[in-house]
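Presented below is the structure to which this report refers.
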Number of protein chains: 2
Amino acid sequence: MIEELRQNYGYLFEDELLKEIEAIGVIKELRANTKLIEIGDYIKYIPLLINGAIKIIREDDDGDELVLYYLERGDTCAMTLACCMGQTKSEIRAIGETDVKLIMIPVQKMSEWLGKYKSWQNFILQSYHNRMLEMLEAIDTIAFLRMDDRLLKYLRDKAMVTHDDQIHATHKEISEDLHTSRVVISRLLKKLENEGKIKMNRNNIKIIDL
Amino acid sequence: MIEELRQNYGYLFEDELLKEIEAIGVIKELRANTKLIEIGDYIKYIPLLINGAIKIIREDDDGDELVLYYLERGDTCAMTLACCMGQTKSEIRAIGETDVKLIMIPVQKMSEWLGKYKSWQNFILQSYHNRMLEMLEAIDTIAFLRMDDRLLKYLRDKAMVTHDDQIHATHKEISEDLHTSRVVISRLLKKLENEGKIKMNRNNIKIIDL
DNA sequence: TTTCTAGTGTAACAAATGTTACTGTAGAAG
DNA sequence: CTTCTACAGTAACATTTGTTACACTAGAAA
């Protein structure tokens with residue numbers, strides 16, 4: 001795992017810390033659309049992303065969902081950090097958007113390293129900061145944008161993290177991620193197609209205007 | 001300032017840290033409805049709340065606003081932490097909801113103390129965690145609730161942080177905090193009054209059903 | 001091939017929210 | 001006192017979003 005680790009985190013962490021991670025961390029592979037964390041889970045490992053993208057989802061009491069943001073390589077999950085800090089349950093669901101490769105670090109190491117490695121401390125604080133900004137962006141999106149713009153942003157974000165301008169998803173799936181109904185998505189997608197911003201096929205949407 | 005400091009943070013911080021705070025921190029008083037932080041500000045001080053409540057507001061490019069959450073005594077502003085970490089500008093506006101008393105800590109101390117005091121480290125991480133949860137709650141509110149429930153929640157939250165079941169605000173002000181129009185708020189308030197949940201007078205709303 | 005199912009298109013309608021316009025009124029200012 | 005202004009009430013209408021119902025189609029399954 002040493003090359004992958006150094007490739008993604010080498011510029012962040014000092015040598016000693018990299019060695020510790022290498023010694024203690026466990027590589028985990030996650031297939032696209034499989035669950036990494038469920039709401040209510042207790043967290044035992046902190047994930048460091050090496051490859052792929054993870055979708056972070058919030059759910060309300062009625063089971064209605066909403067995608068908050070994506071994690072990519074070099075990211076970790078601030079929610080997870082928060083949870084293992086406070087010994088609380090996960091407030092979010094994490095699902096592989098693509099196939100994902102990650103290094104799992106046992107939570108005890110988290111606070112141990114905080115005192116021991118300045119670079120780890122910076123990384124953790126920076127992660128919180130980044131996640132905070134993503135949450136703000138999520139709030140901006142749902143508070144200030146209408147559904148057509150939210151949809152377009154969703155498609156672009158998805159294209160970004162999958163490195164593919166073809167979106168492979170049904171209207172139903174999209175509607176669940178955006179917390180609206182299938183009919184609304186079909187309607188707005190058709191509108192976007194008429195505006196020349198996308199091109200549709202069954203189970204496939206191509207973004208023209210990336 | 002020593003009593004106020006110990007009263008609010010004594011159980012959190014070790015003695016040495018308390019003494020440092022006392023030596024370095026500056027007491028600041030802020031009148032209700034005055035600005036502490038503006039969007040785009042560079043942050044030089046970290047605020048520790050002693051008394052009162054601060055309203056945290058997000059704004060989009062068109063100047064449309066949205067209240068995210070309130071800070072109360074014992075809280076600090078995680079956005080501020082984030083900003084001084086990354087030397088970036090403030091993403092939010094902070095306004096006194098009530099008269100506020102706070103201790104201002106120069107940002108250099110922030111990272112110095114992180115290495116020096118375990119209790120400070122915990123406090124900072126815990127603050128991030130708490131703010132993260134408040135952001136999640138904000139997202140739940142705007143994503144999953146309709147305006148009437150959002151309004152009721154807004155009134156209750158406001159009553160909570162001001163310790164007053166009488167809300168002194170115009171419909172216009174409320175509509176700006178919730179990012180909607182005055183007419184909508186008037187309409188929904190009237191509905192809430194008819195349902196017996198509030199009692200209205202000019203510039204004054206009394207919550208019956210707290 | 002035929003049958004079945006998931007995915008999509010679309011109309012018609014309902015509900016929630018936003019907008020405009022106009023009214024009346026309390027309280028400040030003169 | 002009268003005048004002015006900010007605040008609130010409400011109607012009428014527009015827009016956005018949500019819901020129900022049904023038709024059509026591609027591709028899998030039999």
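The way I read the labels, and the way they are meant: chains A, B, ... in the order of the structure tokens, residue 1 as the first residue of every chain, and ligand 1 as the first ligand shown, with later ones counted on from there.
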Residues of chain B that approach chain A to 7 Å or less, counting only C-alpha atoms: could you list each one with the shortest pair of atoms and its distance in Å to one decimal, rows by chain and increasing residue number, as a tab-separated table?
residue	atom	partner	partner_atom	distance
B:Ala82	CA	A:His129	CA	5.2
B:Gly115	CA	A:Gly115	CA	6.8
B:Tyr128	CA	A:Tyr128	CA	6.9
B:His129	CA	A:Ala82	CA	5.2
B:Met132	CA	A:Met132	CA	6.9
B:Met135	CA	A:Met135	CA	7.0
B:Ile139	CA	A:Ile139	CA	6.1
B:Ile142	CA	A:Ala143	CA	6.6
B:Ala143	CA	A:Ile142	CA	6.6
Please check the contacts: residues of chain A at most 10 Å away from chain C, using only C-alpha atoms (C1' of nucleotides), listed as a PyMOL selection string.
chain A and resi 170-172+182-183+186-187+190+201-203
Report as a ChimeraX atom specification: the residues of segment 1-162 of chain A with a DSSP assignment of helix (DSSP H, G or I), based on the backbone of this structure.
/A:2-9,15-24,78-86,107-116,118-144,147-162
Exercise answer, chain A residues close to chain D, 9 Å and only C-alpha atoms (C1' of nucleotides), as a list of chain:residue names:
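Taken together, these residues fit the definition: A:Arg146, A:Met147, A:Thr180, A:Ser181, A:Val183, A:Val184, A:Arg202.
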Using only C-alpha atoms (C1' of nucleotides), determine which residues lie at most 9 Å from Ile95 of chain A, disregarding the query and same-chain residues fewer than 3 positions distant; provide the list as number ranges by chain.
A: 30, 32-38, 53-57, 98
